[in-house]
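K.L.:
Here you go, this is final-v2.pdb (PDB, C-alpha atoms).
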ATOM      1  CA  MET A1371     163.587  94.874 163.246
ATOM      2  CA  ILE A1372     160.775  93.816 160.892
ATOM      3  CA  LYS A1373     161.019  97.110 159.045
ATOM      4  CA  ALA A1374     164.768  96.603 158.567
ATOM      5  CA  LEU A1375     164.212  93.058 157.248
ATOM      6  CA  ARG A1376     161.527  94.292 154.862
ATOM      7  CA  LYS A1377     163.860  97.012 153.605
ATOM      8  CA  LEU A1378     166.674  94.481 153.090
ATOM      9  CA  ASP A1379     164.259  92.130 151.304
ATOM     10  CA  HIS A1380     163.138  94.936 148.979
ATOM     11  CA  ARG A1381     166.699  96.096 148.296
ATOM     12  CA  CYS A1382     167.989  92.580 147.509
ATOM     13  CA  SER A1383     164.962  91.746 145.358
ATOM     14  CA  LEU A1384     165.282  94.957 143.357
ATOM     15  CA  GLY A1385     169.031  94.333 142.970
ATOM     16  CA  ALA A1386     168.356  90.887 141.479
ATOM     17  CA  HIS A1387     165.820  92.413 139.090
ATOM     18  CA  LYS A1388     168.240  95.181 138.052
ATOM     19  CA  LEU A1389     171.016  92.639 137.389
ATOM     20  CA  THR A1390     168.646  90.498 135.317
ATOM     21  CA  LYS A1391     167.442  93.466 133.259
ATOM     22  CA  SER A1392     170.977  94.595 132.453
ATOM     23  CA  HIS A1393     172.355  91.249 131.146
ATOM     24  CA  ASP A1394     170.685  89.681 128.106
ATOM     25  CA  LYS A1395     171.713  86.075 128.845
ATOM     26  CA  ILE A1396     170.642  86.247 132.488
ATOM     27  CA  HIS A1397     167.410  87.938 131.383
ATOM     28  CA  THR A1398     166.626  85.155 128.905
ATOM     29  CA  LEU A1399     167.384  82.370 131.396
ATOM     30  CA  ALA A1400     165.349  84.051 134.125
ATOM     31  CA  VAL A1401     162.316  84.427 131.860
ATOM     32  CA  VAL A1402     162.530  80.806 130.678
ATOM     33  CA  PHE A1403     162.817  79.474 134.230
ATOM     34  CA  ALA A1404     160.162  81.825 135.608
ATOM     35  CA  ARG A1405     157.570  80.886 132.997
ATOM     36  CA  TRP A1406     158.179  77.480 131.447
ATOM     37  CA  VAL A1407     160.693  75.276 133.233
ATOM     38  CA  PHE A1408     158.403  74.114 136.017
ATOM     39  CA  TRP A1409     155.928  72.695 133.558
ATOM     40  CA  LEU A1410     158.517  71.182 131.234
ATOM     41  CA  LEU A1411     161.569  70.060 133.165
ATOM     42  CA  LEU A1412     160.009  68.954 136.443
ATOM     43  CA  LEU A1413     157.376  67.034 134.516
ATOM     44  CA  GLY A1414     160.202  65.425 132.541
ATOM     45  CA  LEU A1415     161.946  64.462 135.775
ATOM     46  CA  VAL A1416     158.772  62.818 137.067
ATOM     47  CA  VAL A1417     158.466  60.882 133.791
ATOM     48  CA  ALA A1418     162.122  59.811 134.125
ATOM     49  CA  VAL A1419     161.378  58.319 137.552
ATOM     50  CA  PHE A1420     158.286  56.562 136.205
ATOM     51  CA  ALA A1421     160.297  55.032 133.355
ATOM     52  CA  ARG A1422     162.911  53.582 135.746
ATOM     53  CA  ARG A1423     160.668  52.229 138.513
ATOM     54  CA  GLY A1424     157.909  49.649 138.952
ATOM     55  CA  PRO A1425     154.165  50.386 139.151
ATOM     56  CA  ILE A1426     153.908  50.142 142.962
ATOM     57  CA  PHE A1427     156.714  52.668 143.418
ATOM     58  CA  VAL A1428     155.150  54.975 140.828
ATOM     59  CA  ARG A1429     151.694  54.758 142.427
ATOM     60  CA  GLU A1430     153.136  55.660 145.852
ATOM     61  CA  LEU A1431     155.141  58.547 144.371
ATOM     62  CA  LEU A1432     152.094  59.867 142.500
ATOM     63  CA  PHE A1433     150.054  59.808 145.709
ATOM     64  CA  VAL A1434     152.739  61.697 147.625
ATOM     65  CA  LEU A1435     153.191  64.230 144.790
ATOM     66  CA  GLY A1436     149.439  64.855 144.564
ATOM     67  CA  LEU A1437     148.999  65.201 148.313
ATOM     68  CA  SER A1438     152.098  67.378 148.599
ATOM     69  CA  ILE A1439     150.808  69.777 145.936
ATOM     70  CA  LEU A1440     147.294  69.834 147.451
ATOM     71  CA  LEU A1441     148.622  70.591 150.944
ATOM     72  CA  GLY A1442     150.943  73.244 149.520
ATOM     73  CA  ILE A1443     148.058  74.953 147.737
ATOM     74  CA  ILE A1444     145.985  74.981 150.938
ATOM     75  CA  PHE A1445     148.853  76.380 153.037
ATOM     76  CA  ASN A1446     149.703  79.023 150.408
ATOM     77  CA  LEU A1447     146.063  80.126 150.181
ATOM     78  CA  ILE A1448     145.858  80.508 153.959
ATOM     79  CA  LEU A1449     149.148  82.429 154.179
ATOM     80  CA  GLY A1450     148.165  84.590 151.215
ATOM     81  CA  LYS A1451     144.928  85.589 152.950
ATOM     82  CA  ILE A1452     146.691  86.363 156.241
ATOM     83  CA  PHE A1453     149.670  88.231 154.749
ATOM     84  CA  VAL A1454     148.404  90.226 151.762
ATOM     85  CA  ARG A1455     151.358  91.618 149.853
ATOM     86  CA  LYS A1456     151.645  93.441 146.554
ATOM     87  CA  ARG A1457     154.230  92.367 144.015
ATOM     88  CA  PRO A1458     157.499  94.262 143.456
ATOM     89  CA  PHE A1459     156.429  95.617 140.066
ATOM     90  CA  GLU A1460     153.346  97.105 141.755
ATOM     91  CA  THR A1461     155.029  98.647 144.793
ATOM     92  CA  HIS A1462     158.264  99.822 143.136
ATOM     93  CA  LYS A1463     157.020 100.768 139.678
ATOM     94  CA  LEU A1464     159.487  98.472 137.957
ATOM     95  CA  HIS A1465     158.858  96.616 134.732
ATOM     96  CA  ALA A1466     158.134  92.913 135.285
ATOM     97  CA  LEU A1467     160.019  90.855 132.718
ATOM     98  CA  ILE A1468     157.162  88.374 132.202
ATOM     99  CA  SER A1469     153.425  88.710 131.639
ATOM    100  CA  THR A1470     151.566  89.729 134.771
ATOM    101  CA  THR A1471     148.024  89.146 133.540
ATOM    102  CA  TRP A1472     147.097  86.241 135.819
ATOM    103  CA  LEU A1473     149.080  87.128 138.913
ATOM    104  CA  GLY A1474     147.480  87.614 142.317
ATOM    105  CA  GLY A1475     149.251  88.434 145.566
ATOM    106  CA  SER A1476     152.986  88.089 145.967
ATOM    107  CA  PHE A1477     153.258  86.185 149.256
ATOM    108  CA  PRO A1478     154.053  83.301 149.292
ATOM    109  CA  SER A1479     155.302  82.241 145.867
ATOM    110  CA  ASP A1480     153.135  79.550 144.279
ATOM    111  CA  HIS A1481     155.859  78.672 141.761
ATOM    112  CA  ALA A1482     158.397  78.075 144.534
ATOM    113  CA  MET A1483     155.846  76.045 146.500
ATOM    114  CA  PHE A1484     154.870  73.887 143.496
ATOM    115  CA  SER A1485     158.492  73.360 142.488
ATOM    116  CA  PHE A1486     159.547  72.186 145.928
ATOM    117  CA  ALA A1487     156.334  70.232 146.544
ATOM    118  CA  VAL A1488     157.349  68.184 143.472
ATOM    119  CA  ALA A1489     161.139  68.225 143.894
ATOM    120  CA  THR A1490     161.202  67.143 147.553
ATOM    121  CA  PRO A1491     159.346  63.824 147.109
ATOM    122  CA  LEU A1492     161.411  63.148 143.982
ATOM    123  CA  TRP A1493     164.578  63.690 145.991
ATOM    124  CA  ILE A1494     163.354  61.375 148.757
ATOM    125  CA  PHE A1495     162.100  58.640 146.419
ATOM    126  CA  ASP A1496     164.900  58.858 143.827
ATOM    127  CA  PRO A1497     167.905  60.907 145.010
ATOM    128  CA  ILE A1498     169.644  61.005 141.616
ATOM    129  CA  THR A1499     166.655  62.476 139.799
ATOM    130  CA  GLY A1500     165.689  64.405 142.908
ATOM    131  CA  ILE A1501     168.920  66.387 143.132
ATOM    132  CA  TRP A1502     168.274  67.671 139.607
ATOM    133  CA  ALA A1503     164.711  68.509 140.593
ATOM    134  CA  ILE A1504     165.958  70.457 143.637
ATOM    135  CA  ILE A1505     168.403  72.404 141.461
ATOM    136  CA  VAL A1506     165.648  73.219 138.965
ATOM    137  CA  ALA A1507     163.283  74.209 141.793
ATOM    138  CA  CYS A1508     165.944  76.585 143.178
ATOM    139  CA  LEU A1509     166.437  78.142 139.746
ATOM    140  CA  ILE A1510     162.693  78.580 139.354
ATOM    141  CA  ALA A1511     162.448  80.294 142.746
ATOM    142  CA  VAL A1512     165.383  82.628 142.041
ATOM    143  CA  SER A1513     164.052  83.446 138.580
ATOM    144  CA  ARG A1514     160.734  84.613 140.043
ATOM    145  CA  VAL A1515     162.640  87.275 141.999
ATOM    146  CA  ALA A1516     164.886  88.109 139.050
ATOM    147  CA  VAL A1517     161.961  88.866 136.716
ATOM    148  CA  GLY A1518     160.385  91.207 139.288
ATOM    149  CA  VAL A1519     157.265  89.289 140.315
ATOM    150  CA  HIS A1520     158.368  88.243 143.829
ATOM    151  CA  TYR A1521     160.498  89.316 146.749
ATOM    152  CA  TRP A1522     163.075  86.958 148.254
ATOM    153  CA  THR A1523     160.898  86.294 151.290
ATOM    154  CA  ASP A1524     158.029  85.264 148.993
ATOM    155  CA  VAL A1525     160.102  82.496 147.418
ATOM    156  CA  ILE A1526     161.754  81.475 150.703
ATOM    157  CA  VAL A1527     158.372  80.978 152.375
ATOM    158  CA  GLY A1528     156.950  79.322 149.224
ATOM    159  CA  THR A1529     159.922  76.941 149.281
ATOM    160  CA  ALA A1530     159.373  76.157 152.963
ATOM    161  CA  VAL A1531     155.678  75.501 152.338
ATOM    162  CA  GLY A1532     156.479  73.138 149.450
ATOM    163  CA  VAL A1533     159.075  71.203 151.434
ATOM    164  CA  GLY A1534     156.854  71.110 154.519
ATOM    165  CA  ALA A1535     153.854  69.936 152.512
ATOM    166  CA  ALA A1536     155.963  67.161 150.983
ATOM    167  CA  TYR A1537     157.129  65.926 154.390
ATOM    168  CA  ILE A1538     153.567  66.043 155.762
ATOM    169  CA  ALA A1539     152.386  64.050 152.726
ATOM    170  CA  LEU A1540     155.152  61.514 153.334
ATOM    171  CA  ALA A1541     154.158  61.230 156.992
ATOM    172  CA  ILE A1542     150.556  60.549 155.992
ATOM    173  CA  ILE A1543     151.376  57.586 153.764
TER     174      ILE A1543
END
Could you write out this file's structure as structure tokens?
P.N.:
Amino acid sequence: MIKALRKLDHRCSLGAHKLTKSHDKIHTLAVVFARWVFWLLLLGLVVAVFARRGPIFVRELLFVLGLSILLGIIFNLILGKIFVRKRPFETHKLHALISTTWLGGSFPSDHAMFSFAVATPLWIFDPITGIWAIIVACLIAVSRVAVGVHYWTDVIVGTAVGVGAAYIALAII
């Protein structure tokens, strides 16, 4: 059963990469989302919330965002040590569509975790801004598969870690 799931994961991940490589517009969007959007757009969404809300609200949101990201990093590090996994471009000899200089293990996806660790509290604190953050986080996660640096299960687990870390952070406050 696990072997069949792994094979399906590999096949679907490689299919997404092949589709991205063969269409210039999809390729460009995937690279932009995989590399830059987290830092630019999600940060912009956080600033948008700060501009519309009072200082007490902003302070609480900042605390939850910081704790959510910290918990996500801890959980991802633990999972990454338990489940060591090479990246698709290493195991399948495909060409990653972004720079791979600083990349470590594939599982779970740090980009997906970070994106959802930020997007989930935004969605809870400010649903209008948060829905955009969730959409962007989904696009970031999908783009990581499309450019060949993650498998689908990497981003699914990274997403779950980010969401879970956000809810734990919310429970703590």
K.L.:
Extract, using all atoms listed in the file, all DNA, RNA and protein residues at most 7 Å from A:Pro1458, discarding same-chain residues fewer than 3 positions from it, and format them as a list in words.
P.N.:
Thr1461, His1462, Gly1518, Val1519, His1520 and Tyr1521 of chain A
K.L.:
Could you give me, as an mmCIF file with C-alpha atoms, keeping the file's coordinate frame, the residues that sit within 8 Å of (156.7, 77.1, 141.5) in the file's coordinates, counting all atoms listed in the file?
P.N.:
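Output file selection_18.cif follows:
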data_model
loop_
_atom_site.group_PDB
_atom_site.id
_atom_site.type_symbol
_atom_site.label_atom_id
_atom_site.label_comp_id
_atom_site.auth_asym_id
_atom_site.auth_seq_id
_atom_site.Cartn_x
_atom_site.Cartn_y
_atom_site.Cartn_z
ATOM 1 C CA PHE A 1408 158.403 74.114 136.017
ATOM 2 C CA SER A 1479 155.302 82.241 145.867
ATOM 3 C CA ASP A 1480 153.135 79.550 144.279
ATOM 4 C CA HIS A 1481 155.859 78.672 141.761
ATOM 5 C CA ALA A 1482 158.397 78.075 144.534
ATOM 6 C CA MET A 1483 155.846 76.045 146.500
ATOM 7 C CA PHE A 1484 154.870 73.887 143.496
ATOM 8 C CA SER A 1485 158.492 73.360 142.488
ATOM 9 C CA PHE A 1486 159.547 72.186 145.928
ATOM 10 C CA ALA A 1507 163.283 74.209 141.793
ATOM 11 C CA ILE A 1510 162.693 78.580 139.354
ATOM 12 C CA ALA A 1511 162.448 80.294 142.746
#
K.L.:
Can you tell me how far atom CA of A:Val1525 sits from atom CA of A:Val1512, in Å to one decimal?
P.N.:
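So the two atoms, atom CA of A:Val1525 and atom CA of A:Val1512, lie 7.5 Å apart.
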K.L.:
Separation of atom CA of A:Tyr1537 and atom CA of A:Phe1445, in Å?
P.N.:
13.4 Å
K.L.:
Using only C-alpha atoms, which of the listed residues (A:Ile1452, A:Val1407, A:Ala1535, A:Ser1438) sits closest to A:Cys1508?
P.N.:
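Selected residue with least distance to A:Cys1508: A:Val1407.
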